[in-house]
file upload12.cif (mmCIF, C-alpha atoms)
data_my_file
#
loop_
_atom_site.group_PDB
_atom_site.id
_atom_site.type_symbol
_atom_site.label_atom_id
_atom_site.label_comp_id
_atom_site.auth_asym_id
_atom_site.auth_seq_id
_atom_site.Cartn_x
_atom_site.Cartn_y
_atom_site.Cartn_z
ATOM 1 C CA LYS A 22 -35.896 -7.856 2.282
ATOM 2 C CA GLN A 23 -32.322 -8.809 3.123
ATOM 3 C CA GLU A 24 -30.315 -6.274 5.101
ATOM 4 C CA VAL A 25 -26.640 -6.544 5.971
ATOM 5 C CA THR A 26 -25.142 -4.670 8.916
ATOM 6 C CA GLN A 27 -21.562 -4.240 10.008
ATOM 7 C CA ILE A 28 -20.843 -2.982 13.499
ATOM 8 C CA PRO A 29 -18.718 -1.168 14.491
ATOM 9 C CA ALA A 30 -18.258 1.271 11.623
ATOM 10 C CA ALA A 31 -14.671 1.846 12.746
ATOM 11 C CA LEU A 32 -12.184 -0.034 14.888
ATOM 12 C CA SER A 33 -8.684 0.825 16.055
ATOM 13 C CA VAL A 34 -6.427 -1.783 17.671
ATOM 14 C CA PRO A 35 -2.708 -2.088 18.472
ATOM 15 C CA GLU A 36 -0.489 -4.097 16.198
ATOM 16 C CA GLY A 37 -0.217 -7.783 17.048
ATOM 17 C CA GLU A 38 -3.706 -8.225 18.456
ATOM 18 C CA ASN A 39 -6.163 -10.789 17.186
ATOM 19 C CA LEU A 40 -9.466 -9.211 16.218
ATOM 20 C CA VAL A 41 -12.948 -10.045 14.978
ATOM 21 C CA LEU A 42 -15.074 -8.097 12.515
ATOM 22 C CA ASN A 43 -18.814 -8.689 12.530
ATOM 23 C CA CYS A 44 -21.394 -8.973 9.771
ATOM 24 C CA SER A 45 -25.113 -9.566 10.426
ATOM 25 C CA PHE A 46 -27.835 -10.402 7.939
ATOM 26 C CA THR A 47 -31.583 -10.514 8.463
ATOM 27 C CA ASP A 48 -32.604 -13.371 6.151
ATOM 28 C CA SER A 49 -30.856 -16.711 6.602
ATOM 29 C CA ALA A 50 -31.762 -17.805 3.042
ATOM 30 C CA ILE A 51 -28.459 -16.877 1.451
ATOM 31 C CA TYR A 52 -26.408 -18.601 -1.222
ATOM 32 C CA ASN A 53 -23.060 -17.383 0.040
ATOM 33 C CA LEU A 54 -21.337 -14.587 1.897
ATOM 34 C CA GLN A 55 -18.189 -12.797 0.808
ATOM 35 C CA TRP A 56 -15.685 -10.661 2.653
ATOM 36 C CA PHE A 57 -13.824 -7.911 0.815
ATOM 37 C CA ARG A 58 -11.041 -5.504 1.656
ATOM 38 C CA GLN A 59 -10.889 -1.948 0.309
ATOM 39 C CA ASP A 60 -7.866 0.299 0.620
ATOM 40 C CA PRO A 61 -8.484 4.083 0.479
ATOM 41 C CA GLY A 62 -9.295 5.256 -3.038
ATOM 42 C CA LYS A 63 -8.971 1.759 -4.461
ATOM 43 C CA GLY A 64 -11.183 -1.042 -5.667
ATOM 44 C CA LEU A 65 -12.249 -4.037 -3.623
ATOM 45 C CA THR A 66 -10.289 -7.240 -3.156
ATOM 46 C CA SER A 67 -12.151 -10.454 -2.455
ATOM 47 C CA LEU A 68 -10.779 -12.127 0.679
ATOM 48 C CA LEU A 69 -12.997 -15.128 1.344
ATOM 49 C CA LEU A 70 -16.258 -16.580 0.064
ATOM 50 C CA ILE A 71 -18.261 -18.928 2.282
ATOM 51 C CA GLN A 72 -20.925 -21.067 0.679
ATOM 52 C CA SER A 73 -24.221 -21.501 2.502
ATOM 53 C CA SER A 74 -23.315 -25.130 3.257
ATOM 54 C CA GLN A 75 -19.986 -24.195 4.837
ATOM 55 C CA ARG A 76 -19.228 -22.971 8.328
ATOM 56 C CA GLU A 77 -15.832 -21.383 7.746
ATOM 57 C CA GLN A 78 -13.089 -20.567 5.282
ATOM 58 C CA THR A 79 -9.449 -19.799 5.976
ATOM 59 C CA SER A 80 -6.775 -17.928 4.068
ATOM 60 C CA GLY A 81 -3.485 -17.249 5.819
ATOM 61 C CA ARG A 82 -4.152 -15.130 8.919
ATOM 62 C CA LEU A 83 -7.819 -14.708 7.984
ATOM 63 C CA ASN A 84 -10.658 -16.956 9.028
ATOM 64 C CA ALA A 85 -14.272 -16.285 8.124
ATOM 65 C CA SER A 86 -17.157 -18.085 9.780
ATOM 66 C CA LEU A 87 -20.821 -18.345 8.862
ATOM 67 C CA ASP A 88 -23.763 -19.109 11.147
ATOM 68 C CA LYS A 89 -26.929 -18.858 9.075
ATOM 69 C CA SER A 90 -29.238 -19.683 11.966
ATOM 70 C CA SER A 91 -28.100 -16.633 13.900
ATOM 71 C CA GLY A 92 -27.613 -14.484 10.805
ATOM 72 C CA ARG A 93 -23.957 -13.803 11.533
ATOM 73 C CA SER A 94 -20.599 -13.983 9.887
ATOM 74 C CA THR A 95 -17.300 -13.029 11.449
ATOM 75 C CA LEU A 96 -13.904 -12.284 9.971
ATOM 76 C CA TYR A 97 -11.081 -13.185 12.341
ATOM 77 C CA ILE A 98 -7.684 -11.576 11.731
ATOM 78 C CA ALA A 99 -4.791 -13.110 13.634
ATOM 79 C CA ALA A 100 -1.684 -11.199 14.678
ATOM 80 C CA SER A 101 -2.800 -7.929 13.091
ATOM 81 C CA GLN A 102 -0.284 -5.803 11.187
ATOM 82 C CA PRO A 103 -0.351 -2.139 10.106
ATOM 83 C CA GLY A 104 -0.781 -3.387 6.524
ATOM 84 C CA ASP A 105 -4.147 -4.829 7.517
ATOM 85 C CA SER A 106 -5.492 -1.299 7.892
ATOM 86 C CA ALA A 107 -8.340 -0.939 5.404
ATOM 87 C CA THR A 108 -12.116 -1.017 5.189
ATOM 88 C CA TYR A 109 -13.590 -4.508 5.331
ATOM 89 C CA LEU A 110 -16.956 -5.125 3.680
ATOM 90 C CA CYS A 111 -19.176 -8.174 3.729
ATOM 91 C CA ALA A 112 -21.819 -8.994 1.126
ATOM 92 C CA ALA A 113 -24.500 -11.685 1.207
ATOM 93 C CA ARG A 114 -25.975 -13.195 -1.934
ATOM 94 C CA ASP A 115 -29.662 -13.432 -1.178
ATOM 95 C CA SER A 116 -32.424 -15.742 -2.375
ATOM 96 C CA ASN A 117 -32.939 -13.539 -5.459
ATOM 97 C CA TYR A 118 -29.235 -13.918 -6.215
ATOM 98 C CA GLN A 119 -28.668 -10.240 -5.504
ATOM 99 C CA LEU A 120 -25.539 -9.200 -3.648
ATOM 100 C CA ILE A 121 -26.498 -7.218 -0.546
ATOM 101 C CA TRP A 122 -23.677 -5.171 0.942
ATOM 102 C CA GLY A 123 -22.809 -4.011 4.414
ATOM 103 C CA ALA A 124 -21.449 -0.479 4.811
ATOM 104 C CA GLY A 125 -18.093 -1.766 6.016
ATOM 105 C CA THR A 126 -15.852 -1.544 9.074
ATOM 106 C CA LYS A 127 -12.871 0.778 8.826
ATOM 107 C CA LEU A 128 -9.972 -0.938 10.569
ATOM 108 C CA ILE A 129 -6.885 0.906 11.799
ATOM 109 C CA ILE A 130 -3.945 -1.078 13.149
ATOM 110 C CA LYS A 131 -1.688 1.125 15.255
ATOM 111 C CA PRO A 132 2.061 0.357 15.100
ATOM 112 C CA ASP B 9 -1.670 -11.527 -14.587
ATOM 113 C CA ALA B 10 -5.333 -11.823 -15.341
ATOM 114 C CA MET B 11 -7.095 -8.751 -14.118
ATOM 115 C CA VAL B 12 -9.752 -6.066 -14.428
ATOM 116 C CA ILE B 13 -8.510 -2.720 -15.708
ATOM 117 C CA GLN B 14 -10.424 0.524 -15.466
ATOM 118 C CA ASN B 15 -9.672 3.724 -17.334
ATOM 119 C CA PRO B 16 -9.277 6.477 -16.547
ATOM 120 C CA ARG B 17 -8.400 6.210 -12.866
ATOM 121 C CA TYR B 18 -9.386 9.839 -12.356
ATOM 122 C CA GLN B 19 -11.857 11.792 -14.456
ATOM 123 C CA VAL B 20 -12.772 15.437 -13.976
ATOM 124 C CA THR B 21 -15.702 16.756 -15.949
ATOM 125 C CA GLN B 22 -17.957 19.757 -15.999
ATOM 126 C CA PHE B 23 -21.584 19.706 -15.012
ATOM 127 C CA GLY B 24 -23.556 18.266 -17.933
ATOM 128 C CA LYS B 25 -20.545 17.207 -20.017
ATOM 129 C CA PRO B 26 -20.787 13.511 -21.033
ATOM 130 C CA VAL B 27 -18.303 11.054 -19.651
ATOM 131 C CA THR B 28 -17.360 7.510 -20.635
ATOM 132 C CA LEU B 29 -15.565 5.138 -18.297
ATOM 133 C CA SER B 30 -14.098 1.886 -19.559
ATOM 134 C CA CYS B 31 -13.456 -1.529 -18.105
ATOM 135 C CA SER B 32 -11.533 -4.416 -19.634
ATOM 136 C CA GLN B 33 -10.891 -7.901 -18.299
ATOM 137 C CA THR B 34 -8.574 -10.749 -19.162
ATOM 138 C CA LEU B 35 -10.330 -13.257 -16.909
ATOM 139 C CA ASN B 36 -12.831 -14.398 -19.545
ATOM 140 C CA HIS B 37 -15.599 -13.945 -16.986
ATOM 141 C CA ASN B 38 -19.099 -13.916 -18.416
ATOM 142 C CA VAL B 39 -20.618 -11.513 -15.885
ATOM 143 C CA MET B 40 -19.608 -7.844 -15.646
ATOM 144 C CA TYR B 41 -20.913 -5.283 -13.172
ATOM 145 C CA TRP B 42 -20.838 -1.521 -12.722
ATOM 146 C CA TYR B 43 -21.062 -0.183 -9.184
ATOM 147 C CA GLN B 44 -21.225 3.373 -7.882
ATOM 148 C CA GLN B 45 -19.592 3.994 -4.516
ATOM 149 C CA LYS B 46 -19.775 7.249 -2.578
ATOM 150 C CA SER B 47 -17.577 8.079 0.359
ATOM 151 C CA SER B 48 -17.966 5.726 3.349
ATOM 152 C CA GLN B 49 -20.863 3.914 1.699
ATOM 153 C CA ALA B 50 -21.317 0.428 0.351
ATOM 154 C CA PRO B 51 -21.085 -0.071 -3.411
ATOM 155 C CA LYS B 52 -24.401 0.399 -5.219
ATOM 156 C CA LEU B 53 -25.076 -1.801 -8.231
ATOM 157 C CA LEU B 54 -26.007 0.196 -11.326
ATOM 158 C CA PHE B 55 -26.286 -2.658 -13.843
ATOM 159 C CA HIS B 56 -24.723 -5.909 -14.860
ATOM 160 C CA TYR B 57 -24.297 -8.051 -17.933
ATOM 161 C CA TYR B 58 -24.866 -11.778 -17.761
ATOM 162 C CA ASP B 59 -23.148 -12.763 -20.998
ATOM 163 C CA LYS B 60 -24.827 -10.389 -23.472
ATOM 164 C CA ASP B 61 -27.948 -9.932 -21.401
ATOM 165 C CA PHE B 62 -28.183 -6.444 -19.908
ATOM 166 C CA ASN B 63 -29.734 -6.099 -16.461
ATOM 167 C CA ASN B 64 -30.600 -2.634 -15.227
ATOM 168 C CA GLU B 65 -31.286 -1.995 -11.547
ATOM 169 C CA ALA B 66 -34.704 -0.436 -11.033
ATOM 170 C CA ASP B 67 -33.326 2.674 -9.332
ATOM 171 C CA THR B 68 -30.473 3.357 -11.760
ATOM 172 C CA PRO B 69 -31.086 6.807 -13.283
ATOM 173 C CA ASP B 70 -31.625 7.056 -17.034
ATOM 174 C CA ASN B 71 -28.585 9.323 -17.096
ATOM 175 C CA PHE B 72 -26.463 6.172 -16.825
ATOM 176 C CA GLN B 73 -26.030 3.877 -19.798
ATOM 177 C CA SER B 74 -23.794 0.922 -20.486
ATOM 178 C CA ARG B 75 -22.362 -0.957 -23.429
ATOM 179 C CA ARG B 76 -20.646 -4.309 -23.673
ATOM 180 C CA PRO B 77 -19.345 -4.704 -27.229
ATOM 181 C CA ASN B 78 -17.606 -8.005 -26.454
ATOM 182 C CA THR B 79 -16.770 -10.310 -23.549
ATOM 183 C CA SER B 80 -13.694 -8.351 -22.547
ATOM 184 C CA PHE B 81 -14.939 -4.778 -22.545
ATOM 185 C CA CYS B 82 -17.661 -2.827 -20.833
ATOM 186 C CA PHE B 83 -18.356 0.919 -20.841
ATOM 187 C CA LEU B 84 -20.252 3.214 -18.522
ATOM 188 C CA ASP B 85 -21.671 6.348 -20.132
ATOM 189 C CA ILE B 86 -22.927 9.213 -17.999
ATOM 190 C CA ARG B 87 -24.872 11.406 -20.394
ATOM 191 C CA SER B 88 -25.209 14.565 -18.311
ATOM 192 C CA PRO B 89 -23.241 14.340 -15.076
ATOM 193 C CA GLY B 90 -24.594 16.216 -12.107
ATOM 194 C CA LEU B 91 -22.845 17.116 -8.867
ATOM 195 C CA GLY B 92 -24.524 14.136 -7.224
ATOM 196 C CA ASP B 93 -22.845 11.756 -9.663
ATOM 197 C CA ALA B 94 -19.393 12.468 -8.254
ATOM 198 C CA ALA B 95 -18.281 9.111 -6.907
ATOM 199 C CA MET B 96 -15.967 6.155 -7.398
ATOM 200 C CA TYR B 97 -17.188 3.879 -10.188
ATOM 201 C CA LEU B 98 -16.176 0.273 -9.806
ATOM 202 C CA CYS B 99 -16.200 -2.415 -12.447
ATOM 203 C CA ALA B 100 -16.290 -6.044 -11.352
ATOM 204 C CA THR B 101 -16.422 -9.414 -13.053
ATOM 205 C CA SER B 102 -17.390 -12.904 -12.034
ATOM 206 C CA ARG B 103 -17.866 -16.321 -13.519
ATOM 207 C CA SER B 104 -21.312 -17.766 -13.151
ATOM 208 C CA GLY B 105 -21.727 -21.265 -11.801
ATOM 209 C CA THR B 106 -22.775 -23.238 -8.780
ATOM 210 C CA SER B 107 -22.494 -20.871 -5.882
ATOM 211 C CA GLY B 108 -18.858 -20.541 -4.872
ATOM 212 C CA ARG B 109 -17.591 -23.817 -6.282
ATOM 213 C CA GLY B 110 -14.462 -23.547 -8.397
ATOM 214 C CA GLY B 111 -14.313 -19.841 -7.752
ATOM 215 C CA ALA B 112 -17.694 -19.207 -9.302
ATOM 216 C CA ASN B 113 -19.410 -16.003 -8.185
ATOM 217 C CA VAL B 114 -16.270 -14.560 -6.600
ATOM 218 C CA LEU B 115 -16.150 -10.938 -7.706
ATOM 219 C CA THR B 116 -12.930 -9.468 -9.037
ATOM 220 C CA PHE B 117 -12.860 -5.673 -8.967
ATOM 221 C CA GLY B 118 -10.905 -3.133 -10.907
ATOM 222 C CA ALA B 119 -9.111 -0.287 -9.137
ATOM 223 C CA GLY B 120 -11.996 2.099 -9.845
ATOM 224 C CA SER B 121 -12.490 5.371 -11.675
ATOM 225 C CA ARG B 122 -12.989 8.402 -9.479
ATOM 226 C CA LEU B 123 -15.277 10.963 -11.076
ATOM 227 C CA THR B 124 -15.221 14.622 -10.056
ATOM 228 C CA VAL B 125 -17.924 16.947 -11.379
ATOM 229 C CA LEU B 126 -17.208 20.682 -11.346
#
call {"tool": "encode", "arguments": {"input": "upload12.cif", "output": "structure tokens"}}
result
Amino acid sequence: KQEVTQIPAALSVPEGENLVLNCSFTDSAIYNLQWFRQDPGKGLTSLLLIQSSQREQTSGRLNASLDKSSGRSTLYIAASQPGDSATYLCAARDSNYQLIWGAGTKLIIKP
Amino acid sequence: DAMVIQNPRYQVTQFGKPVTLSCSQTLNHNVMYWYQQKSSQAPKLLFHYYDKDFNNEADTPDNFQSRRPNTSFCFLDIRSPGLGDAAMYLCATSRSGTSGRGGANVLTFGAGSRLTVL
């Protein structure tokens, strides 16, 4: 059974720093992996989707990588800003085509 | 802009009083999902529609029902809300297709409906 883990549950960094958020999955047989952002009390916004055949995707200051062999994905945020403060969730689409979610990392960027 | 719209954004109901939440989309996506999300937890899939085909998750309580009268609209009915049903309810849509290509399978979420049960 696929399990997705995000550690740490919370992270606080000063503005301007580059940072990495982690997502681990137990079964490498995935179709894709998505990263989402959720602001407090709001819905989720899709940030990046990485197909199983890809190693990374980039959008602006965000770069997501995928290493199926090690069961890891990372979301790299360059030059962090206070507006990046949110909860970041990853979700892996498993071999049964189900979307398996991590519990998220709450990110706080301090001005 | 094409989007997913949920109404109401905030719903307060009494214990046992039925509630209906609505979701509409202008994306013409063929797949629609209802998720339940409690504080600091990951979203939990309740059910989804693949075109007109209804797919219920095995652990979704019978208290939860859904309707999709057409491609654009989907409703979540909670027949007898309990205190444990207080949560954010999220509607999402996606377009089926080869995994990830051309935007397929990317989920677009609405802003959510927060349900309070008194």
call {"tool": "closest_residue", "arguments": {"input": "upload12.cif", "among": "B:Asn78, B:Tyr18, B:Leu98, B:Phe117", "to": "Trp42 in chain B", "atoms": "all atoms listed in the file"}}
result
B:Leu98
call {"tool": "resolve_selection", "arguments": {"input": "upload12.cif", "expression": "the PyMOL selection byres ((chain A) within 7 of (chain B))", "output": "list in words"}}
result
Tyr52, Asn53, Lys63, Gly64, Leu65, Thr66, Ser67, Leu70, Gln72, Trp122, Gly123, Ala124 and Gly125 of chain A
call {"tool": "axis_aligned_box", "arguments": {"input": "upload12.cif", "around": "range 24-36 of chain A", "padding_each_side": "5 Å", "output": "lines of an AutoDock Vina configuration file"}}
result
center_x = -15.4
center_y = -2.3
center_z = 11.8
size_x = 39.8
size_y = 18.4
size_z = 23.4
call {"tool": "resolve_selection", "arguments": {"input": "upload12.cif", "expression": "the PyMOL selection byres ((chain A and resi 84) around 12)", "output": "PDB file with C-alpha atoms, in the frame of the given file"}}
result
ATOM      1  CA  ASN A  39      -6.163 -10.789  17.186  1.00  0.00           C
ATOM      2  CA  LEU A  40      -9.466  -9.211  16.218  1.00  0.00           C
ATOM      3  CA  VAL A  41     -12.948 -10.045  14.978  1.00  0.00           C
ATOM      4  CA  LEU A  42     -15.074  -8.097  12.515  1.00  0.00           C
ATOM      5  CA  GLN A  55     -18.189 -12.797   0.808  1.00  0.00           C
ATOM      6  CA  TRP A  56     -15.685 -10.661   2.653  1.00  0.00           C
ATOM      7  CA  LEU A  68     -10.779 -12.127   0.679  1.00  0.00           C
ATOM      8  CA  LEU A  69     -12.997 -15.128   1.344  1.00  0.00           C
ATOM      9  CA  LEU A  70     -16.258 -16.580   0.064  1.00  0.00           C
ATOM     10  CA  ILE A  71     -18.261 -18.928   2.282  1.00  0.00           C
ATOM     11  CA  ARG A  76     -19.228 -22.971   8.328  1.00  0.00           C
ATOM     12  CA  GLU A  77     -15.832 -21.383   7.746  1.00  0.00           C
ATOM     13  CA  GLN A  78     -13.089 -20.567   5.282  1.00  0.00           C
ATOM     14  CA  THR A  79      -9.449 -19.799   5.976  1.00  0.00           C
ATOM     15  CA  SER A  80      -6.775 -17.928   4.068  1.00  0.00           C
ATOM     16  CA  GLY A  81      -3.485 -17.249   5.819  1.00  0.00           C
ATOM     17  CA  ARG A  82      -4.152 -15.130   8.919  1.00  0.00           C
ATOM     18  CA  LEU A  83      -7.819 -14.708   7.984  1.00  0.00           C
ATOM     19  CA  ALA A  85     -14.272 -16.285   8.124  1.00  0.00           C
ATOM     20  CA  SER A  86     -17.157 -18.085   9.780  1.00  0.00           C
ATOM     21  CA  LEU A  87     -20.821 -18.345   8.862  1.00  0.00           C
ATOM     22  CA  SER A  94     -20.599 -13.983   9.887  1.00  0.00           C
ATOM     23  CA  THR A  95     -17.300 -13.029  11.449  1.00  0.00           C
ATOM     24  CA  LEU A  96     -13.904 -12.284   9.971  1.00  0.00           C
ATOM     25  CA  TYR A  97     -11.081 -13.185  12.341  1.00  0.00           C
ATOM     26  CA  ILE A  98      -7.684 -11.576  11.731  1.00  0.00           C
ATOM     27  CA  ALA A  99      -4.791 -13.110  13.634  1.00  0.00           C
TER      28      ALA A  99
END
call {"tool": "resolve_selection", "arguments": {"input": "upload12.cif", "expression": "the PyMOL selection byres ((chain B and resi 19-31) around 6)", "output": "list in words"}}
result
Ile13, Gln14, Asn15, Tyr18, Ser32, Phe81, Cys82, Phe83, Leu84, Asp85, Ile86, Arg87, Ser88, Pro89, Gly90, Leu123, Thr124, Val125 and Leu126 of chain B
call {"tool": "atom_distance", "arguments": {"input": "upload12.cif", "atom1": "CA of Ala94 in chain B", "atom2": "CA of Thr68 in chain B"}}
result
14.8 Å
call {"tool": "atom_distance", "arguments": {"input": "upload12.cif", "atom1": "CA of Lys127 in chain A", "atom2": "CA of Gln23 in chain A"}}
result
22.4 Å
call {"tool": "atom_distance", "arguments": {"input": "upload12.cif", "atom1": "CA of His56 in chain B", "atom2": "CA of Leu91 in chain B"}}
result
23.9 Å
call {"tool": "closest_residue", "arguments": {"input": "upload12.cif", "among": "A:Ile129, A:Val34, A:Ala107, A:Asn117", "to": "Asp60 in chain A", "atoms": "only C-alpha atoms"}}
result
A:Ala107
call {"tool": "decode", "arguments": {"input": "upload12.cif", "residues": "range 86-96 of chain B", "atoms": "all heavy atoms", "output": "mmCIF file, in the first residue's frame"}}
result
data_model
loop_
_atom_site.group_PDB
_atom_site.id
_atom_site.type_symbol
_atom_site.label_atom_id
_atom_site.label_comp_id
_atom_site.auth_asym_id
_atom_site.auth_seq_id
_atom_site.Cartn_x
_atom_site.Cartn_y
_atom_site.Cartn_z
ATOM 1 N N ILE B 86 -25.124 16.056 2.643
ATOM 2 C CA ILE B 86 -24.864 15.403 3.926
ATOM 3 C C ILE B 86 -26.217 15.264 4.601
ATOM 4 O O ILE B 86 -26.835 16.268 4.989
ATOM 5 C CB ILE B 86 -23.874 16.201 4.786
ATOM 6 C CG1 ILE B 86 -22.609 16.507 3.974
ATOM 7 C CG2 ILE B 86 -23.509 15.402 6.036
ATOM 8 C CD1 ILE B 86 -21.595 17.374 4.717
ATOM 9 N N ARG B 87 -26.693 14.054 4.713
ATOM 10 C CA ARG B 87 -28.101 13.826 5.095
ATOM 11 C C ARG B 87 -28.368 14.165 6.553
ATOM 12 O O ARG B 87 -29.401 14.744 6.892
ATOM 13 C CB ARG B 87 -28.485 12.389 4.817
ATOM 14 C CG ARG B 87 -28.509 12.072 3.330
ATOM 15 C CD ARG B 87 -29.159 10.744 3.040
ATOM 16 N NE ARG B 87 -28.417 9.623 3.619
ATOM 17 C CZ ARG B 87 -28.735 8.368 3.424
ATOM 18 N NH1 ARG B 87 -29.777 8.051 2.687
ATOM 19 N NH2 ARG B 87 -28.027 7.410 3.965
ATOM 20 N N SER B 88 -27.459 13.816 7.433
ATOM 21 C CA SER B 88 -27.655 14.059 8.861
ATOM 22 C C SER B 88 -26.292 14.379 9.472
ATOM 23 O O SER B 88 -25.619 13.499 10.024
ATOM 24 C CB SER B 88 -28.276 12.834 9.526
ATOM 25 O OG SER B 88 -28.507 13.077 10.899
ATOM 26 N N PRO B 89 -25.883 15.648 9.339
ATOM 27 C CA PRO B 89 -24.536 16.004 9.797
ATOM 28 C C PRO B 89 -24.340 15.759 11.282
ATOM 29 O O PRO B 89 -25.207 16.115 12.110
ATOM 30 C CB PRO B 89 -24.437 17.495 9.464
ATOM 31 C CG PRO B 89 -25.495 17.743 8.450
ATOM 32 C CD PRO B 89 -26.591 16.784 8.755
ATOM 33 N N GLY B 90 -23.203 15.177 11.598
ATOM 34 C CA GLY B 90 -22.797 15.029 12.989
ATOM 35 C C GLY B 90 -21.631 15.957 13.283
ATOM 36 O O GLY B 90 -21.066 16.573 12.378
ATOM 37 N N LEU B 91 -21.277 16.052 14.566
ATOM 38 C CA LEU B 91 -20.184 16.949 14.952
ATOM 39 C C LEU B 91 -18.893 16.566 14.245
ATOM 40 O O LEU B 91 -18.073 17.421 13.909
ATOM 41 C CB LEU B 91 -20.003 16.909 16.472
ATOM 42 C CG LEU B 91 -21.182 17.397 17.303
ATOM 43 C CD1 LEU B 91 -20.877 17.268 18.799
ATOM 44 C CD2 LEU B 91 -21.549 18.835 16.965
ATOM 45 N N GLY B 92 -18.715 15.285 13.980
ATOM 46 C CA GLY B 92 -17.504 14.811 13.326
ATOM 47 C C GLY B 92 -17.430 15.143 11.844
ATOM 48 O O GLY B 92 -16.393 14.930 11.216
ATOM 49 N N ASP B 93 -18.513 15.660 11.298
ATOM 50 C CA ASP B 93 -18.526 16.028 9.876
ATOM 51 C C ASP B 93 -18.099 17.476 9.650
ATOM 52 O O ASP B 93 -18.001 17.917 8.492
ATOM 53 C CB ASP B 93 -19.925 15.816 9.290
ATOM 54 C CG ASP B 93 -20.348 14.357 9.329
ATOM 55 O OD1 ASP B 93 -19.461 13.485 9.197
ATOM 56 O OD2 ASP B 93 -21.553 14.084 9.527
ATOM 57 N N ALA B 94 -17.859 18.202 10.726
ATOM 58 C CA ALA B 94 -17.359 19.570 10.587
ATOM 59 C C ALA B 94 -15.980 19.521 9.948
ATOM 60 O O ALA B 94 -15.076 18.843 10.437
ATOM 61 C CB ALA B 94 -17.290 20.241 11.954
ATOM 62 N N ALA B 95 -15.841 20.209 8.836
ATOM 63 C CA ALA B 95 -14.599 20.114 8.057
ATOM 64 C C ALA B 95 -14.678 21.107 6.909
ATOM 65 O O ALA B 95 -15.696 21.757 6.684
ATOM 66 C CB ALA B 95 -14.407 18.707 7.492
ATOM 67 N N MET B 96 -13.586 21.177 6.143
ATOM 68 C CA MET B 96 -13.583 21.885 4.870
ATOM 69 C C MET B 96 -13.889 20.850 3.793
ATOM 70 O O MET B 96 -13.285 19.761 3.786
ATOM 71 C CB MET B 96 -12.211 22.519 4.610
ATOM 72 C CG MET B 96 -12.086 23.169 3.252
ATOM 73 S SD MET B 96 -12.945 24.743 3.155
ATOM 74 C CE MET B 96 -11.639 25.840 3.730
#
